[in-house]
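J.: So that you have it, the file is target.json, and it contains JSON, C-alpha atoms:
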[["chain", "number", "residue", "atom", "x", "y", "z"],
["A", 1302, "MET", "CA", 86.68, 94.48, 191.32],
["A", 1303, "LEU", "CA", 88.34, 96.28, 188.42],
["A", 1304, "ASP", "CA", 86.28, 99.00, 186.75],
["A", 1305, "PRO", "CA", 85.54, 97.95, 183.14],
["A", 1306, "HIS", "CA", 85.37, 101.61, 182.09],
["A", 1307, "LYS", "CA", 88.95, 102.18, 183.23],
["A", 1308, "LEU", "CA", 90.07, 99.08, 181.34],
["A", 1309, "ILE", "CA", 88.39, 100.40, 178.20],
["A", 1310, "ILE", "CA", 90.28, 103.69, 178.64],
["A", 1311, "LEU", "CA", 93.57, 101.81, 179.17],
["A", 1312, "ARG", "CA", 93.06, 99.88, 175.93],
["A", 1313, "ALA", "CA", 92.12, 103.08, 174.09],
["A", 1314, "VAL", "CA", 95.29, 104.87, 175.23],
["A", 1315, "ILE", "CA", 97.46, 101.92, 174.19],
["A", 1316, "ALA", "CA", 95.72, 101.75, 170.79],
["A", 1317, "ALA", "CA", 95.98, 105.51, 170.18],
["A", 1318, "GLY", "CA", 99.51, 105.80, 171.52],
["A", 1319, "SER", "CA", 98.69, 108.89, 173.55],
["A", 1320, "VAL", "CA", 96.28, 110.28, 176.14],
["A", 1321, "GLN", "CA", 95.21, 113.01, 173.72],
["A", 1322, "GLY", "CA", 94.40, 110.56, 170.94],
["A", 1323, "ALA", "CA", 92.41, 108.30, 173.25],
["A", 1324, "ALA", "CA", 90.54, 111.28, 174.73],
["A", 1325, "ALA", "CA", 89.46, 112.42, 171.26],
["A", 1326, "GLY", "CA", 88.23, 108.94, 170.35],
["A", 1327, "LEU", "CA", 86.36, 108.51, 173.64],
["A", 1328, "HIS", "CA", 84.95, 112.07, 173.64],
["A", 1329, "LEU", "CA", 86.58, 112.79, 177.00],
["A", 1330, "THR", "CA", 89.06, 115.43, 178.11],
["A", 1331, "PRO", "CA", 92.73, 114.42, 178.40],
["A", 1332, "ALA", "CA", 92.55, 115.28, 182.11],
["A", 1333, "THR", "CA", 89.68, 112.83, 182.64],
["A", 1334, "VAL", "CA", 91.56, 110.08, 180.79],
["A", 1335, "SER", "CA", 94.67, 110.72, 182.91],
["A", 1336, "GLN", "CA", 92.61, 110.57, 186.12],
["A", 1337, "HIS", "CA", 91.15, 107.20, 185.15],
["A", 1338, "LEU", "CA", 94.62, 105.84, 184.35],
["A", 1339, "GLN", "CA", 95.98, 107.05, 187.68],
["A", 1340, "ALA", "CA", 93.06, 105.44, 189.51],
["A", 1341, "LEU", "CA", 93.61, 102.15, 187.68],
["A", 1342, "ALA", "CA", 97.32, 102.24, 188.52],
["A", 1343, "ARG", "CA", 96.50, 102.77, 192.22],
["A", 1344, "GLN", "CA", 93.91, 100.00, 192.21],
["A", 1345, "THR", "CA", 96.17, 97.46, 190.53],
["A", 1346, "GLY", "CA", 99.45, 98.57, 192.11],
["A", 1347, "LEU", "CA", 101.02, 98.51, 188.66],
["A", 1348, "VAL", "CA", 103.08, 101.02, 186.73],
["A", 1349, "LEU", "CA", 101.05, 101.29, 183.52],
["A", 1350, "PHE", "CA", 102.89, 104.00, 181.56],
["A", 1351, "GLU", "CA", 106.34, 105.53, 181.51],
["A", 1352, "LYS", "CA", 107.52, 108.78, 179.96],
["A", 1353, "SER", "CA", 109.07, 108.45, 176.51],
["A", 1354, "GLY", "CA", 110.33, 111.69, 175.03],
["A", 1355, "ARG", "CA", 107.37, 114.08, 175.04],
["A", 1356, "GLY", "CA", 104.86, 111.26, 175.25],
["A", 1357, "ILE", "CA", 104.24, 108.07, 177.20],
["A", 1358, "GLU", "CA", 104.83, 104.39, 176.54],
["A", 1359, "ALA", "CA", 102.81, 101.47, 177.90],
["A", 1360, "THR", "CA", 104.72, 99.15, 180.21],
["A", 1361, "PRO", "CA", 104.72, 95.37, 179.65],
["A", 1362, "ALA", "CA", 102.33, 95.10, 182.61],
["A", 1363, "ALA", "CA", 99.87, 97.49, 180.93],
["A", 1364, "LEU", "CA", 100.07, 95.62, 177.65],
["A", 1365, "HIS", "CA", 99.45, 92.30, 179.38],
["A", 1366, "LEU", "CA", 96.53, 93.71, 181.39],
["A", 1367, "ALA", "CA", 94.97, 95.15, 178.24],
["A", 1368, "GLU", "CA", 95.31, 91.85, 176.40],
["A", 1369, "GLU", "CA", 93.88, 89.79, 179.28],
["A", 1370, "SER", "CA", 90.92, 92.16, 179.69],
["A", 1371, "SER", "CA", 89.76, 91.68, 176.10],
["A", 1372, "GLN", "CA", 87.72, 88.54, 176.81],
["A", 1373, "ALA", "CA", 86.13, 89.95, 179.98],
["A", 1374, "LEU", "CA", 85.10, 93.18, 178.26],
["A", 1375, "ALA", "CA", 83.62, 91.24, 175.33],
["A", 1376, "ASP", "CA", 81.63, 89.09, 177.77],
["A", 1377, "LEU", "CA", 80.34, 92.20, 179.53],
["A", 1378, "GLU", "CA", 79.30, 93.70, 176.18],
["A", 1379, "ARG", "CA", 77.44, 90.50, 175.35],
["A", 1380, "LEU", "CA", 75.76, 90.56, 178.78],
["A", 1381, "GLU", "CA", 74.59, 94.13, 178.16],
["A", 1382, "ARG", "CA", 73.06, 93.02, 174.84],
["A", 1383, "THR", "CA", 71.36, 90.14, 176.63],
["A", 1384, "VAL", "CA", 69.81, 92.58, 179.12],
["A", 1385, "ALA", "CA", 68.63, 94.77, 176.24],
["A", 1386, "ASP", "CA", 67.13, 91.75, 174.48],
["A", 1387, "LEU", "CA", 65.34, 90.67, 177.65],
["A", 1388, "ARG", "CA", 63.91, 94.17, 178.07],
["A", 1389, "ALA", "CA", 62.67, 94.02, 174.48],
["A", 1390, "GLY", "CA", 61.16, 90.57, 174.97],
["A", 1391, "ARG", "CA", 63.83, 88.74, 172.95],
["A", 1392, "ALA", "CA", 64.76, 86.06, 175.46],
["A", 1393, "GLU", "CA", 66.18, 83.43, 173.10],
["A", 1394, "ARG", "CA", 69.64, 83.46, 171.60],
["A", 1395, "ILE", "CA", 71.62, 80.96, 169.54],
["A", 1396, "THR", "CA", 75.31, 81.30, 168.79],
["A", 1397, "PHE", "CA", 77.42, 79.90, 165.95],
["A", 1398, "ALA", "CA", 81.12, 79.68, 165.23],
["A", 1399, "CYS", "CA", 82.07, 78.89, 161.63],
["A", 1400, "PHE", "CA", 84.57, 79.73, 158.94],
["A", 1401, "ALA", "CA", 84.01, 82.58, 156.50],
["A", 1402, "SER", "CA", 82.84, 80.59, 153.47],
["A", 1403, "VAL", "CA", 80.16, 78.84, 155.54],
["A", 1404, "ALA", "CA", 79.04, 82.19, 156.95],
["A", 1405, "GLN", "CA", 78.58, 83.51, 153.42],
["A", 1406, "ALA", "CA", 77.15, 80.45, 151.68],
["A", 1407, "TRP", "CA", 75.03, 78.67, 154.30],
["A", 1408, "MET", "CA", 74.21, 81.00, 157.17],
["A", 1409, "PRO", "CA", 71.67, 83.19, 155.29],
["A", 1410, "HIS", "CA", 69.49, 80.08, 154.86],
["A", 1411, "VAL", "CA", 70.03, 79.00, 158.48],
["A", 1412, "VAL", "CA", 69.21, 82.43, 159.90],
["A", 1413, "GLY", "CA", 66.13, 82.63, 157.68],
["A", 1414, "VAL", "CA", 64.85, 79.28, 158.96],
["A", 1415, "LEU", "CA", 65.49, 80.30, 162.56],
["A", 1416, "ARG", "CA", 63.71, 83.62, 162.06],
["A", 1417, "THR", "CA", 60.67, 81.79, 160.69],
["A", 1418, "ALA", "CA", 60.66, 79.24, 163.51],
["A", 1419, "SER", "CA", 61.33, 81.76, 166.29],
["A", 1420, "PRO", "CA", 61.03, 85.41, 165.17],
["A", 1421, "GLU", "CA", 62.32, 86.84, 168.45],
["A", 1422, "THR", "CA", 65.51, 84.78, 168.49],
["A", 1423, "VAL", "CA", 68.81, 86.63, 168.20],
["A", 1424, "VAL", "CA", 71.42, 84.80, 166.08],
["A", 1425, "GLU", "CA", 75.12, 85.45, 166.74],
["A", 1426, "ILE", "CA", 77.81, 84.28, 164.29],
["A", 1427, "SER", "CA", 81.55, 84.41, 164.99],
["A", 1428, "ILE", "CA", 84.31, 83.50, 162.54],
["A", 1429, "ASN", "CA", 86.34, 80.76, 164.22],
["A", 1430, "GLU", "CA", 89.22, 81.16, 161.73],
["A", 1431, "LEU", "CA", 89.92, 84.50, 163.40],
["A", 1432, "HIS", "CA", 89.24, 83.24, 166.93],
["A", 1433, "PRO", "CA", 90.63, 79.70, 167.09],
["A", 1434, "GLY", "CA", 90.32, 79.75, 170.86],
["A", 1435, "GLY", "CA", 86.53, 79.97, 170.62],
["A", 1436, "GLY", "CA", 85.86, 83.67, 170.16],
["A", 1437, "ARG", "CA", 84.00, 85.60, 172.82],
["A", 1438, "HIS", "CA", 82.02, 82.73, 174.28],
["A", 1439, "GLN", "CA", 81.07, 79.09, 173.86],
["A", 1440, "PRO", "CA", 78.99, 78.60, 170.68],
["A", 1441, "ASP", "CA", 75.87, 76.46, 170.50],
["A", 1442, "ILE", "CA", 76.99, 75.18, 167.10],
["A", 1443, "ASP", "CA", 80.63, 75.09, 166.04],
["A", 1444, "ILE", "CA", 81.27, 74.36, 162.32],
["A", 1445, "ARG", "CA", 84.75, 73.20, 161.41],
["A", 1446, "ASN", "CA", 86.59, 71.42, 158.60],
["A", 1447, "GLU", "CA", 89.04, 68.55, 158.60],
["A", 1448, "ALA", "CA", 91.07, 66.42, 156.22],
["A", 1449, "LEU", "CA", 89.32, 63.31, 154.94],
["A", 1450, "ASP", "CA", 92.11, 61.06, 156.20],
["A", 1451, "ALA", "CA", 92.54, 62.79, 159.55],
["A", 1452, "ASP", "CA", 91.32, 61.44, 162.88],
["A", 1453, "PRO", "CA", 87.75, 62.72, 163.41],
["A", 1454, "LEU", "CA", 87.57, 65.92, 165.43],
["A", 1455, "THR", "CA", 85.81, 65.78, 168.77],
["A", 1456, "ILE", "CA", 84.84, 68.55, 171.17],
["A", 1457, "GLU", "CA", 83.96, 67.77, 174.77],
["A", 1458, "GLY", "CA", 80.31, 68.52, 175.52],
["A", 1459, "TYR", "CA", 79.32, 68.56, 171.82],
["A", 1460, "GLN", "CA", 77.81, 66.04, 169.41],
["A", 1461, "ARG", "CA", 79.47, 65.57, 166.01],
["A", 1462, "HIS", "CA", 77.53, 65.77, 162.71],
["A", 1463, "VAL", "CA", 79.14, 65.43, 159.27],
["A", 1464, "LEU", "CA", 77.60, 68.00, 156.91],
["A", 1465, "ALA", "CA", 79.50, 67.64, 153.64],
["A", 1466, "GLU", "CA", 82.65, 66.62, 151.82],
["A", 1467, "GLU", "CA", 83.93, 68.87, 149.06],
["A", 1468, "GLU", "CA", 86.88, 69.26, 146.74],
["A", 1469, "LEU", "CA", 88.97, 72.39, 146.53],
["A", 1470, "ARG", "CA", 89.29, 73.79, 143.02],
["A", 1471, "LEU", "CA", 91.89, 75.86, 141.24],
["A", 1472, "VAL", "CA", 90.84, 79.48, 140.68],
["A", 1473, "LEU", "CA", 92.76, 81.34, 137.97],
["A", 1474, "PRO", "CA", 92.37, 84.17, 135.45],
["A", 1475, "LEU", "CA", 90.58, 83.42, 132.18],
["A", 1476, "ASN", "CA", 93.70, 84.25, 130.17],
["A", 1477, "HIS", "CA", 95.86, 81.73, 132.05],
["A", 1478, "PRO", "CA", 97.31, 78.94, 129.85],
["A", 1479, "LEU", "CA", 95.94, 76.24, 132.18],
["A", 1480, "CYS", "CA", 92.40, 77.32, 131.29],
["A", 1481, "SER", "CA", 92.74, 75.23, 128.13],
["A", 1482, "GLN", "CA", 92.59, 72.07, 130.29],
["A", 1483, "ASP", "CA", 89.41, 70.51, 131.69],
["A", 1484, "ALA", "CA", 91.37, 69.49, 134.81],
["A", 1485, "VAL", "CA", 94.76, 70.49, 136.20],
["A", 1486, "ALA", "CA", 97.32, 68.20, 137.83],
["A", 1487, "LEU", "CA", 98.48, 69.73, 141.10],
["A", 1488, "VAL", "CA", 102.14, 69.35, 140.08],
["A", 1489, "GLN", "CA", 101.50, 71.75, 137.19],
["A", 1490, "LEU", "CA", 101.21, 74.51, 139.78],
["A", 1491, "ARG", "CA", 104.78, 73.96, 141.02],
["A", 1492, "ASP", "CA", 106.11, 77.15, 139.40],
["A", 1493, "GLU", "CA", 102.98, 79.26, 139.72],
["A", 1494, "ALA", "CA", 102.63, 82.29, 141.99],
["A", 1495, "TRP", "CA", 100.18, 81.30, 144.75],
["A", 1496, "ILE", "CA", 97.70, 83.41, 146.71],
["A", 1497, "ASP", "CA", 97.04, 81.94, 150.18],
["A", 1498, "HIS", "CA", 93.74, 82.60, 151.96],
["A", 1499, "ASP", "CA", 94.65, 80.79, 155.22],
["A", 1500, "ILE", "CA", 97.58, 82.72, 156.66],
["A", 1501, "HIS", "CA", 96.95, 81.21, 160.11],
["A", 1502, "ASP", "CA", 97.60, 77.69, 158.75],
["A", 1503, "GLY", "CA", 94.17, 76.42, 159.70],
["A", 1504, "PRO", "CA", 92.75, 73.06, 158.62],
["A", 1505, "THR", "CA", 92.20, 74.09, 154.98],
["A", 1506, "GLY", "CA", 95.70, 75.54, 154.71],
["A", 1507, "ARG", "CA", 97.20, 72.37, 156.14],
["A", 1508, "ILE", "CA", 95.18, 70.25, 153.70],
["A", 1509, "ILE", "CA", 96.56, 72.27, 150.78],
["A", 1510, "THR", "CA", 100.13, 72.08, 152.09],
["A", 1511, "ARG", "CA", 99.93, 68.30, 152.52],
["A", 1512, "ALA", "CA", 98.54, 67.82, 149.02],
["A", 1513, "CYS", "CA", 101.36, 69.91, 147.52],
["A", 1514, "THR", "CA", 103.93, 67.95, 149.52],
["A", 1515, "THR", "CA", 102.44, 64.74, 148.14],
["A", 1516, "ALA", "CA", 102.80, 66.21, 144.65],
["A", 1517, "GLY", "CA", 106.46, 66.93, 145.37],
["A", 1518, "PHE", "CA", 106.66, 70.70, 145.84],
["A", 1519, "THR", "CA", 106.07, 73.60, 148.22],
["A", 1520, "PRO", "CA", 103.74, 76.41, 147.04],
["A", 1521, "ARG", "CA", 105.49, 79.66, 146.12],
["A", 1522, "TYR", "CA", 103.27, 82.18, 147.87],
["A", 1523, "VAL", "CA", 103.40, 85.79, 146.72],
["A", 1524, "ALA", "CA", 100.65, 86.91, 149.12],
["A", 1525, "ARG", "CA", 99.11, 85.40, 152.26],
["A", 1526, "LEU", "CA", 95.78, 86.59, 153.67],
["A", 1527, "ASP", "CA", 93.13, 85.49, 156.17],
["A", 1528, "ASP", "CA", 90.17, 86.21, 153.88],
["A", 1529, "HIS", "CA", 89.17, 84.28, 150.77],
["A", 1530, "HIS", "CA", 87.41, 87.33, 149.29],
["A", 1531, "ALA", "CA", 90.70, 89.23, 149.31],
["A", 1532, "ALA", "CA", 92.46, 86.20, 147.80],
["A", 1533, "ILE", "CA", 89.91, 86.21, 144.98],
["A", 1534, "SER", "CA", 90.55, 89.92, 144.38],
["A", 1535, "LEU", "CA", 94.31, 89.37, 144.11],
["A", 1536, "THR", "CA", 93.77, 86.45, 141.76],
["A", 1537, "ALA", "CA", 91.44, 88.58, 139.62],
["A", 1538, "ALA", "CA", 94.22, 91.17, 139.45],
["A", 1539, "GLY", "CA", 96.44, 88.55, 137.81],
["A", 1540, "LEU", "CA", 98.84, 88.25, 140.74],
["A", 1541, "GLY", "CA", 98.62, 84.47, 141.13],
["A", 1542, "VAL", "CA", 96.34, 81.46, 141.48],
["A", 1543, "THR", "CA", 94.51, 80.15, 144.52],
["A", 1544, "LEU", "CA", 92.67, 77.02, 145.68],
["A", 1545, "LEU", "CA", 89.15, 77.47, 147.03],
["A", 1546, "PRO", "CA", 86.51, 75.09, 148.40],
["A", 1547, "GLY", "CA", 83.32, 74.69, 146.40],
["A", 1548, "ILE", "CA", 81.15, 76.78, 148.71],
["A", 1549, "ALA", "CA", 83.47, 79.78, 148.21],
["A", 1550, "LEU", "CA", 83.17, 79.79, 144.41],
["A", 1551, "SER", "CA", 79.81, 81.49, 143.90],
["A", 1552, "GLY", "CA", 80.02, 84.99, 142.50],
["A", 1553, "LEU", "CA", 83.54, 84.79, 141.10],
["A", 1554, "PRO", "CA", 84.54, 87.88, 139.09],
["A", 1555, "GLU", "CA", 83.90, 87.61, 135.34],
["A", 1556, "ASN", "CA", 87.62, 87.38, 134.57],
["A", 1557, "LEU", "CA", 88.14, 84.29, 136.73],
["A", 1558, "THR", "CA", 87.32, 80.63, 136.24],
["A", 1559, "ASP", "CA", 87.93, 77.42, 138.17],
["A", 1560, "ARG", "CA", 89.13, 73.91, 137.37],
["A", 1561, "PRO", "CA", 89.16, 70.59, 139.25],
["A", 1562, "LEU", "CA", 92.49, 69.26, 140.48],
["A", 1563, "THR", "CA", 94.05, 65.84, 140.01],
["A", 1564, "GLY", "CA", 97.10, 63.97, 141.31],
["A", 1565, "PRO", "CA", 95.98, 64.27, 144.08],
["A", 1566, "THR", "CA", 92.57, 65.82, 144.48],
["A", 1567, "VAL", "CA", 92.36, 68.25, 147.41],
["A", 1568, "SER", "CA", 89.33, 67.67, 149.63],
["A", 1569, "ARG", "CA", 87.96, 68.49, 153.05],
["A", 1570, "ARG", "CA", 85.11, 67.43, 155.32],
["A", 1571, "ILE", "CA", 82.79, 69.95, 156.99],
["A", 1572, "VAL", "CA", 81.53, 68.99, 160.43],
["A", 1573, "ALA", "CA", 79.06, 70.66, 162.81],
["A", 1574, "PHE", "CA", 79.35, 70.24, 166.56],
["A", 1575, "THR", "CA", 76.15, 70.86, 168.50],
["A", 1576, "ARG", "CA", 76.27, 71.79, 172.15],
["A", 1577, "THR", "CA", 74.30, 69.82, 174.71],
["A", 1578, "HIS", "CA", 72.00, 72.56, 175.99],
["A", 1579, "PRO", "CA", 68.55, 71.61, 177.35],
["A", 1580, "VAL", "CA", 67.14, 75.13, 177.12],
["A", 1581, "ARG", "CA", 68.17, 75.67, 173.48],
["A", 1582, "ALA", "CA", 67.75, 72.07, 172.30],
["A", 1583, "ARG", "CA", 64.81, 72.96, 170.03],
["A", 1584, "LEU", "CA", 66.63, 75.86, 168.39],
["A", 1585, "ILE", "CA", 69.82, 73.86, 167.97],
["A", 1586, "HIS", "CA", 67.90, 71.01, 166.29],
["A", 1587, "THR", "CA", 66.19, 73.50, 163.95],
["A", 1588, "ALA", "CA", 69.54, 75.08, 163.08],
["A", 1589, "LEU", "CA", 71.20, 71.73, 162.43],
["A", 1590, "THR", "CA", 68.37, 70.71, 160.09],
["A", 1591, "ALA", "CA", 68.78, 74.00, 158.22],
["A", 1592, "LEU", "CA", 72.54, 73.46, 157.98],
["A", 1593, "ARG", "CA", 71.98, 70.03, 156.44],
["A", 1594, "GLU", "CA", 69.64, 71.62, 153.89],
["A", 1595, "ALA", "CA", 72.18, 74.31, 153.04],
["A", 1596, "ALA", "CA", 74.94, 71.71, 152.75],
["A", 1597, "ALA", "CA", 73.01, 69.50, 150.33],
["A", 1598, "PRO", "CA", 75.00, 68.96, 147.09],
["A", 1599, "LYS", "CA", 74.67, 71.76, 144.58],
["A", 1600, "THR", "CA", 76.45, 72.70, 141.37],
["A", 1601, "VAL", "CA", 78.45, 75.75, 142.41],
["A", 1602, "HIS", "CA", 81.44, 75.74, 140.06],
["A", 1603, "ALA", "CA", 81.81, 77.57, 136.77],
["A", 1604, "GLN", "CA", 81.17, 75.90, 133.45],
["A", 1605, "PRO", "CA", 84.34, 74.91, 131.53],
["A", 1606, "GLY", "CA", 85.47, 77.76, 129.36],
["A", 1607, "LYS", "CA", 84.17, 80.54, 131.55]]
Have the structure of the file written as structure tokens, please.
T.:
Amino acid sequence: MLDPHKLIILRAVIAAGSVQGAAAGLHLTPATVSQHLQALARQTGLVLFEKSGRGIEATPAALHLAEESSQALADLERLERTVADLRAGRAERITFACFASVAQAWMPHVVGVLRTASPETVVEISINELHPGGGRHQPDIDIRNEALDADPLTIEGYQRHVLAEEELRLVLPLNHPLCSQDAVALVQLRDEAWIDHDIHDGPTGRIITRACTTAGFTPRYVARLDDHHAAISLTAAGLGVTLLPGIALSGLPENLTDRPLTGPTVSRRIVAFTRTHPVRARLIHTALTALREAAAPKTVHAQPGK
């Protein structure tokens, strides 16, 4: 069996670009790092590094091994935390995958409810926008979004629960000419500079693209990011406009406002998938109830004129 410690060292050397850099980050001597790399090369029968000038360069085999080991090392790290929790008497764990706006807007309430119901439970939350393949491990509850007119999502081994439907709204600086309108037709954004917060073309990004296509244009993006907070910051700097779902609108900077869209409206559905898990069934039910509470309709958008 491969030694996880040697795999960690391999990944560190690749990330640092040198044995010396990895050794400093790992608090080891360069000689020790080199010995571990040589042992890993012997064990795998692979050439892991080749000389390049005065330094070394990872071979394609080393790069592939490092990439493939990522999941296994993450699982081992999680297993170590589980052992620590068991030693401390924290035997229960519940895991979530969700997108960033749900993590910010709803998960504080959900975690609070779970802490009250089961104080020793450990709650893990992964952002599935960044890990579309499922992240480190299978979540107990997976929260996703979909277009209203799309075929309903299904996940094998999970039950589907619709949590909410919400419109995306236009976010723009207070001094923008479109602020004079109570609502903005999507086609009016044809010539605007756009800030994208879904660079990976996830469900929300695809919903926006389809709506713009229906309105007869393609957004002119000046920046594309994978974080809606960063998109808000760029919009606040006057670099463009962006479209955000309702749950992402709380706490907008004072120099921003939002408006509803027409022709067409841009909407999405938020769905929770709960895993069939007999041991955690009680916790999963409690979490789903809390999610429904957090998703209950609220007034989250700015007042006209802000």
J.: So, with only C-alpha atoms as the atoms that count, which of A:Ser1427, A:Thr1360, A:Ser1335, A:Ser1370 lies closest to Asp1304 in chain A?
T.: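 Ranked by minimum distance to Asp1304 in chain A, first place goes to A:Ser1370.
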J.: If we count all atoms listed in the file, what is near Leu1341 in chain A at a cut-off of 12 Å, once residues fewer than 4 positions away on the same chain are taken out, given as a PyMOL selection string?
T.: chain A and resi 1302-1312+1334-1337+1345-1350+1363+1366-1367
J.: At a cut-off of 8 Å, using only C-alpha atoms, what residues contact Ala1524 in chain A? Leave out same-chain residues fewer than 2 positions from it and give the result as a PyMOL selection string.
T.: chain A and resi 1495-1497+1522+1526
J.: Measuring between only C-alpha atoms, which one of A:Leu1544, A:Ile1508, A:Ala1484, A:Val1424 shows the shortest distance to Arg1570 in chain A?
T.: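 The answer is A:Ile1508, which sits nearest to Arg1570 in chain A.
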J.: Give as a ChimeraX atom specification each residue that has an atom at most 12 Å from (78.7, 77.4, 153.3) in the file, counting all atoms listed in the file.
T.: /A:1399-1411,1444-1446,1464-1467,1546-1551,1571-1573,1591-1599,1601
J.: Once you have the residues from the selection above, write them out as an mmCIF file, in the coordinates of the input, restricted to C-alpha atoms.
T.:
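The result, written out as out08.cif:
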data_model
loop_
_atom_site.group_PDB
_atom_site.id
_atom_site.type_symbol
_atom_site.label_atom_id
_atom_site.label_comp_id
_atom_site.auth_asym_id
_atom_site.auth_seq_id
_atom_site.Cartn_x
_atom_site.Cartn_y
_atom_site.Cartn_z
ATOM 1 C CA CYS A 1399 82.070 78.890 161.630
ATOM 2 C CA PHE A 1400 84.570 79.730 158.940
ATOM 3 C CA ALA A 1401 84.010 82.580 156.500
ATOM 4 C CA SER A 1402 82.840 80.590 153.470
ATOM 5 C CA VAL A 1403 80.160 78.840 155.540
ATOM 6 C CA ALA A 1404 79.040 82.190 156.950
ATOM 7 C CA GLN A 1405 78.580 83.510 153.420
ATOM 8 C CA ALA A 1406 77.150 80.450 151.680
ATOM 9 C CA TRP A 1407 75.030 78.670 154.300
ATOM 10 C CA MET A 1408 74.210 81.000 157.170
ATOM 11 C CA PRO A 1409 71.670 83.190 155.290
ATOM 12 C CA HIS A 1410 69.490 80.080 154.860
ATOM 13 C CA VAL A 1411 70.030 79.000 158.480
ATOM 14 C CA ILE A 1444 81.270 74.360 162.320
ATOM 15 C CA ARG A 1445 84.750 73.200 161.410
ATOM 16 C CA ASN A 1446 86.590 71.420 158.600
ATOM 17 C CA LEU A 1464 77.600 68.000 156.910
ATOM 18 C CA ALA A 1465 79.500 67.640 153.640
ATOM 19 C CA GLU A 1466 82.650 66.620 151.820
ATOM 20 C CA GLU A 1467 83.930 68.870 149.060
ATOM 21 C CA PRO A 1546 86.510 75.090 148.400
ATOM 22 C CA GLY A 1547 83.320 74.690 146.400
ATOM 23 C CA ILE A 1548 81.150 76.780 148.710
ATOM 24 C CA ALA A 1549 83.470 79.780 148.210
ATOM 25 C CA LEU A 1550 83.170 79.790 144.410
ATOM 26 C CA SER A 1551 79.810 81.490 143.900
ATOM 27 C CA ILE A 1571 82.790 69.950 156.990
ATOM 28 C CA VAL A 1572 81.530 68.990 160.430
ATOM 29 C CA ALA A 1573 79.060 70.660 162.810
ATOM 30 C CA ALA A 1591 68.780 74.000 158.220
ATOM 31 C CA LEU A 1592 72.540 73.460 157.980
ATOM 32 C CA ARG A 1593 71.980 70.030 156.440
ATOM 33 C CA GLU A 1594 69.640 71.620 153.890
ATOM 34 C CA ALA A 1595 72.180 74.310 153.040
ATOM 35 C CA ALA A 1596 74.940 71.710 152.750
ATOM 36 C CA ALA A 1597 73.010 69.500 150.330
ATOM 37 C CA PRO A 1598 75.000 68.960 147.090
ATOM 38 C CA LYS A 1599 74.670 71.760 144.580
ATOM 39 C CA VAL A 1601 78.450 75.750 142.410
#
